[in-house]
>>> print(open('target_2.cif').read())   # mmCIF, C-alpha atoms
data_coords
#
loop_
_atom_site.label_atom_id
_atom_site.label_comp_id
_atom_site.auth_asym_id
_atom_site.auth_seq_id
_atom_site.Cartn_x
_atom_site.Cartn_y
_atom_site.Cartn_z
CA MET T 10 79.29 114.46 52.28
CA GLN T 11 82.85 115.57 52.84
CA LEU T 12 84.02 114.48 56.27
CA ARG T 13 87.70 115.32 55.80
CA THR T 14 89.06 118.74 56.57
CA PRO T 15 90.20 120.74 53.51
CA ILE T 16 93.84 120.64 54.68
CA SER T 17 93.94 116.83 54.98
CA HIS T 18 92.29 116.60 51.58
CA ILE T 19 95.01 118.79 50.06
CA LYS T 20 97.78 116.87 51.84
CA GLY T 21 96.33 113.56 50.69
CA LEU T 22 96.23 112.18 54.21
CA GLY T 23 93.76 109.58 55.35
CA SER T 24 93.04 105.94 54.76
CA ALA T 25 95.18 104.22 52.16
CA LYS T 26 92.30 101.73 51.67
CA ASP T 27 94.59 98.75 52.10
CA GLY T 28 94.18 98.06 55.81
CA LEU T 29 92.12 94.91 55.25
CA GLY T 30 94.81 93.45 53.04
CA HIS T 31 97.37 94.01 55.77
CA TRP T 32 95.14 92.40 58.38
CA THR T 33 94.34 89.40 56.18
CA MET T 34 97.94 88.77 55.16
CA GLN T 35 99.10 89.02 58.78
CA ARG T 36 96.67 86.23 59.72
CA LEU T 37 97.40 84.16 56.63
CA THR T 38 101.18 84.31 57.09
CA GLY T 39 100.63 83.74 60.82
CA ILE T 40 98.81 80.48 60.15
CA GLY T 41 101.48 79.55 57.60
CA ASN T 42 104.19 80.26 60.15
CA ALA T 43 102.41 78.23 62.83
CA VAL T 44 102.32 75.12 60.64
CA LEU T 45 105.80 75.54 59.15
CA ILE T 46 107.52 76.44 62.42
CA VAL T 47 106.25 73.25 64.07
CA TRP T 48 107.84 71.32 61.20
CA PHE T 49 111.01 73.38 61.55
CA LEU T 50 111.25 72.86 65.33
CA ILE T 51 110.86 69.10 64.92
CA SER T 52 113.53 69.18 62.20
CA ALA T 53 115.84 71.24 64.42
CA MET T 54 115.47 68.66 67.18
CA THR T 55 116.26 65.75 64.86
CA LEU T 56 119.19 67.72 63.39
CA ALA T 57 120.76 68.39 66.79
CA GLY T 58 124.34 67.17 66.67
CA ALA T 59 124.26 66.63 62.88
CA ASP T 60 127.42 67.54 60.94
CA TYR T 61 127.71 69.57 57.74
CA GLN T 62 127.08 66.66 55.39
CA GLU T 63 123.98 65.44 57.23
CA THR T 64 122.55 68.97 57.47
CA ALA T 65 123.22 69.72 53.79
CA SER T 66 121.64 66.48 52.60
CA TRP T 67 118.62 67.17 54.84
CA LEU T 68 118.11 70.51 53.04
CA ALA T 69 118.80 68.90 49.66
CA SER T 70 115.52 66.98 49.73
CA PRO T 71 112.91 68.74 47.53
CA VAL T 72 110.29 68.51 50.28
CA THR T 73 112.60 70.05 52.87
CA ALA T 74 113.80 72.77 50.49
CA GLY T 75 110.23 73.53 49.44
CA LEU T 76 108.97 73.82 53.01
CA MET T 77 112.00 75.94 53.89
CA LEU T 78 111.25 78.33 50.99
CA LEU T 79 107.63 78.59 52.14
CA LEU T 80 108.79 79.27 55.70
CA ILE T 81 111.16 81.99 54.50
CA ALA T 82 108.44 83.70 52.42
CA SER T 83 105.79 83.44 55.13
CA ALA T 84 108.07 84.45 58.03
CA PHE T 85 109.74 87.42 56.33
CA TYR T 86 106.38 88.71 55.10
CA HIS T 87 104.94 88.34 58.62
CA VAL T 88 107.94 90.16 60.12
CA LYS T 89 107.56 92.96 57.56
CA LEU T 90 103.87 93.42 58.44
CA GLY T 91 104.55 93.29 62.18
CA LEU T 92 107.47 95.71 62.22
CA GLN T 93 105.48 98.03 59.95
CA VAL T 94 102.74 98.32 62.59
CA VAL T 95 105.30 98.86 65.37
CA ILE T 96 106.92 101.69 63.39
CA GLU T 97 103.55 103.26 62.53
CA ASP T 98 102.62 103.17 66.22
CA TYR T 99 105.79 104.60 67.73
CA VAL T 100 107.67 106.64 65.11
CA HIS T 101 105.85 109.94 64.84
CA HIS T 102 108.34 112.02 62.86
CA HIS T 103 107.06 111.78 59.30
CA GLY T 104 110.39 111.57 57.47
CA LEU T 105 111.84 109.12 59.96
CA LYS T 106 108.72 106.96 59.73
CA ILE T 107 108.87 106.78 55.93
CA ALA T 108 112.59 105.98 56.10
CA ALA T 109 112.06 103.22 58.68
CA LEU T 110 109.15 101.71 56.73
CA THR T 111 111.19 101.74 53.53
CA ALA T 112 114.15 100.13 55.31
CA VAL T 113 111.98 97.39 56.85
CA THR T 114 110.36 96.61 53.49
CA LEU T 115 113.62 96.45 51.59
CA VAL T 116 115.67 94.64 54.26
CA THR T 117 113.07 91.91 54.83
CA LEU T 118 112.70 91.44 51.07
CA GLY T 119 116.48 91.37 50.62
CA LEU T 120 117.16 88.93 53.44
CA GLY T 121 114.26 86.75 52.28
CA VAL T 122 115.69 86.51 48.77
CA ILE T 123 119.22 85.83 50.10
CA SER T 124 117.88 83.05 52.35
CA ALA T 125 115.91 81.54 49.47
CA VAL T 126 118.93 81.54 47.14
CA ALA T 127 121.01 79.91 49.90
CA VAL T 128 118.40 77.13 50.22
CA LEU T 129 118.36 76.60 46.45
CA LYS T 130 122.15 76.52 46.23
CA THR T 131 122.43 73.88 48.96
CA SER T 132 119.53 71.96 47.49
CA PHE T 133 120.87 71.84 43.93
CA ALA T 134 124.41 71.05 45.07
CA GLY T 135 123.30 68.10 47.18
CA MET R 14 100.28 122.58 66.28
CA ALA R 15 100.18 124.76 69.42
CA LYS R 16 100.57 122.79 72.63
CA VAL R 17 97.45 123.15 74.76
CA ASP R 18 97.56 122.31 78.45
CA ARG R 19 94.63 119.98 78.70
CA PRO R 20 94.19 117.11 81.11
CA LEU R 21 95.33 113.86 79.49
CA SER R 22 93.60 110.53 79.75
CA PRO R 23 95.46 108.14 82.09
CA HIS R 24 98.44 106.48 80.45
CA LEU R 25 100.36 103.23 81.07
CA GLN R 26 102.01 104.15 84.36
CA ILE R 27 98.65 104.95 85.97
CA TYR R 28 97.30 101.43 85.71
CA ARG R 29 98.11 98.45 87.87
CA TRP R 30 99.79 95.75 85.78
CA TYR R 31 97.64 92.77 85.06
CA LEU R 32 98.28 89.57 83.14
CA THR R 33 96.46 90.18 79.85
CA MET R 34 98.10 93.59 79.54
CA ALA R 35 101.60 92.20 80.11
CA LEU R 36 100.96 89.35 77.66
CA SER R 37 99.77 91.79 74.99
CA ILE R 38 103.03 93.73 75.22
CA ALA R 39 104.99 90.47 75.37
CA HIS R 40 103.41 89.45 72.04
CA ARG R 41 104.81 92.53 70.37
CA ALA R 42 108.16 92.28 72.15
CA SER R 43 108.57 88.61 71.23
CA GLY R 44 107.64 89.45 67.63
CA ILE R 45 110.36 92.09 67.45
CA ALA R 46 112.84 89.68 69.05
CA LEU R 47 111.94 86.98 66.52
CA SER R 48 112.92 89.23 63.62
CA PHE R 49 116.47 88.84 64.97
CA GLY R 50 115.90 85.10 65.03
CA LEU R 51 115.13 85.26 61.33
CA LEU R 52 118.40 87.14 60.88
CA PHE R 53 120.16 84.15 62.44
CA LEU R 54 118.24 81.75 60.13
CA THR R 55 119.53 83.70 57.12
CA TRP R 56 123.10 83.54 58.47
CA TRP R 57 122.76 79.79 59.09
CA LEU R 58 121.34 79.07 55.61
CA VAL R 59 123.98 81.22 53.87
CA ALA R 60 126.73 79.52 55.88
CA LEU R 61 125.34 76.10 54.96
CA ALA R 62 125.31 77.12 51.29
CA GLY R 63 128.88 78.43 51.64
CA GLY R 64 130.33 75.02 52.48
CA GLU R 65 131.91 73.14 55.33
CA GLU R 66 134.15 75.93 56.58
CA SER R 67 131.54 78.68 56.89
CA PHE R 68 129.08 76.18 58.35
CA ALA R 69 131.62 75.28 61.03
CA ARG R 70 131.85 78.97 62.01
CA VAL R 71 128.09 79.37 62.51
CA GLU R 72 127.95 76.05 64.37
CA TRP R 73 130.76 77.23 66.64
CA TRP R 74 128.81 80.39 67.53
CA LYS R 75 125.59 78.40 67.89
CA ASP R 76 127.23 76.14 70.48
CA SER R 77 128.93 78.99 72.34
CA PHE R 78 127.46 80.36 75.57
CA LEU R 79 126.12 83.45 73.80
CA GLY R 80 124.68 81.36 70.97
CA VAL R 81 122.88 78.96 73.31
CA LEU R 82 121.54 81.89 75.35
CA PHE R 83 120.31 83.56 72.13
CA LEU R 84 118.68 80.42 70.77
CA PHE R 85 117.09 79.56 74.13
CA GLY R 86 115.58 83.07 74.20
CA MET R 87 114.43 82.63 70.62
CA THR R 88 112.77 79.31 71.45
CA LEU R 89 110.90 80.94 74.32
CA ALA R 90 109.88 83.93 72.18
CA LEU R 91 108.83 81.60 69.37
CA THR R 92 106.72 79.21 71.43
CA TYR R 93 105.12 82.18 73.22
CA HIS R 94 104.42 84.09 69.99
CA LEU R 95 103.05 80.87 68.45
CA GLY R 96 100.74 80.13 71.37
CA ASN R 97 99.61 83.71 71.77
CA GLY R 98 99.18 84.03 67.99
CA ILE R 99 96.71 81.14 68.09
CA ARG R 100 95.01 82.91 71.04
CA HIS R 101 94.71 85.97 68.79
CA LEU R 102 93.23 83.89 65.95
CA ILE R 103 90.58 82.57 68.33
CA TRP R 104 89.78 86.16 69.34
CA ASP R 105 89.53 87.02 65.62
CA MET R 106 86.80 84.38 65.35
CA GLY R 107 84.95 86.14 68.16
CA TYR R 108 85.58 83.81 71.09
CA GLY R 109 87.23 84.19 74.47
CA PHE R 110 86.83 87.89 75.26
CA GLU R 111 85.37 87.42 78.75
CA PRO R 112 87.97 88.67 81.29
CA GLU R 113 88.19 85.31 83.11
CA VAL R 114 88.55 83.41 79.82
CA ALA R 115 91.16 85.84 78.49
CA LYS R 116 93.15 85.48 81.71
CA MET R 117 92.87 81.70 81.64
CA SER R 118 93.89 81.44 77.97
CA GLY R 119 96.87 83.66 78.76
CA GLN R 120 97.94 81.28 81.52
CA VAL R 121 97.55 78.36 79.12
CA VAL R 122 99.80 80.12 76.58
CA LEU R 123 102.45 80.82 79.25
CA ALA R 124 102.39 77.21 80.41
CA PHE R 125 102.62 75.99 76.80
CA ALA R 126 105.57 78.27 76.00
CA GLY R 127 107.45 77.22 79.13
CA ALA R 128 106.79 73.51 78.71
CA ALA R 129 107.51 73.46 74.96
CA THR R 130 110.78 75.39 75.42
CA VAL R 131 111.99 73.03 78.15
CA LEU R 132 110.96 69.98 76.11
CA ILE R 133 112.69 71.20 72.93
CA TRP R 134 115.92 71.94 74.80
CA LEU R 135 115.87 68.63 76.64
CA VAL R 136 115.67 66.84 73.28
CA ILE R 137 118.42 69.01 71.78
CA LEU R 138 120.73 68.55 74.77
CA ILE R 139 120.19 64.79 74.87
CA ALA R 140 120.54 64.35 71.09
CA GLY R 141 123.32 66.90 70.57
#
>>> encode(input="target_2.cif", output="structure tokens")
Amino acid sequence: MQLRTPISHIKGLGSAKDGLGHWTMQRLTGIGNAVLIVWFLISAMTLAGADYQETASWLASPVTAGLMLLLIASAFYHVKLGLQVVIEDYVHHHGLKIAALTAVTLVTLGLGVISAVAVLKTSFAG
Amino acid sequence: MAKVDRPLSPHLQIYRWYLTMALSIAHRASGIALSFGLLFLTWWLVALAGGEESFARVEWWKDSFLGVLFLFGMTLALTYHLGNGIRHLIWDMGYGFEPEVAKMSGQVVLAFAGAATVLIWLVILIAG
């Protein structure tokens, strides 16, 4: 049975069939964030008042750098998924919506990669 | 599409504000705010990778009035979004939908966010 109107069929509108993936990844990265952010907050408290050398050598530890990379991946992915839903809810102009979604995807990916490289650089230098 | 003058279902401004409704919007608002927090994390990490001089610049801003205000707001948004996110995960498992329970869990999240933010900043101010 064809439930879609002929015009939406022609325009290719309708479910993209990837909603469950979005939902699952939002929860998965959310749980990841919850664990990693508690670690990060504790670290931030112990780092309060630390100078450049102390901060750099903190990040130089493989465990710290590894957790930081996981936090970056999980947090930027979570932000991408969240902002995507906000845009889909409130931006109704089609072209503007596609532009905003593209920008969010690329900017979060870009900033995530930049942050990760910064962690690696500090880590390998230390 | 032609605009038809039909009665609309009641929208936001019709309803009296209640806690669970405000907290739902606050979850989204704090999430959007936290994306700016991530922007700061990137700046901080890049500055740290850049060496002593660039790190001193970000530390200067971090300790300025504006920086402290920003980070305090971020801490509040983070602890709230964390607490309310866990509340959402519990809902996802099918628990806590009764109005009284949803209201109570919302109050717990608010109390957690407030207490955790104050605690974190007390530690930072004493240690820093």
>>> interface_residues(input="target_2.cif", of="chain R", to="chain T", cutoff="10 Å", atoms="all atoms listed in the file", output="ChimeraX atom specification")
/R:41-42,44-45,47-49,51-52,54-69,72,88,91-92,94-96,98-99,101-102,105,133-141
>>> closest_residue(input="target_2.cif", among="T:Leu118, T:Lys106, T:Lys20, T:Trp48", to="T:Val72", atoms="all atoms listed in the file")
T:Trp48
>>> atom_distance(input="target_2.cif", atom1="atom CA of R:Pro112", atom2="atom CA of R:Ala90")
24.2 Å
>>> resolve_selection(input="target_2.cif", expression="the PyMOL selection byres ((chain R and resi 120) around 12)", output="JSON, numbers by chain")
{"R": [32, 33, 35, 36, 93, 96, 97, 100, 113, 114, 115, 116, 117, 118, 119, 121, 122, 123, 124, 125, 126, 127]}
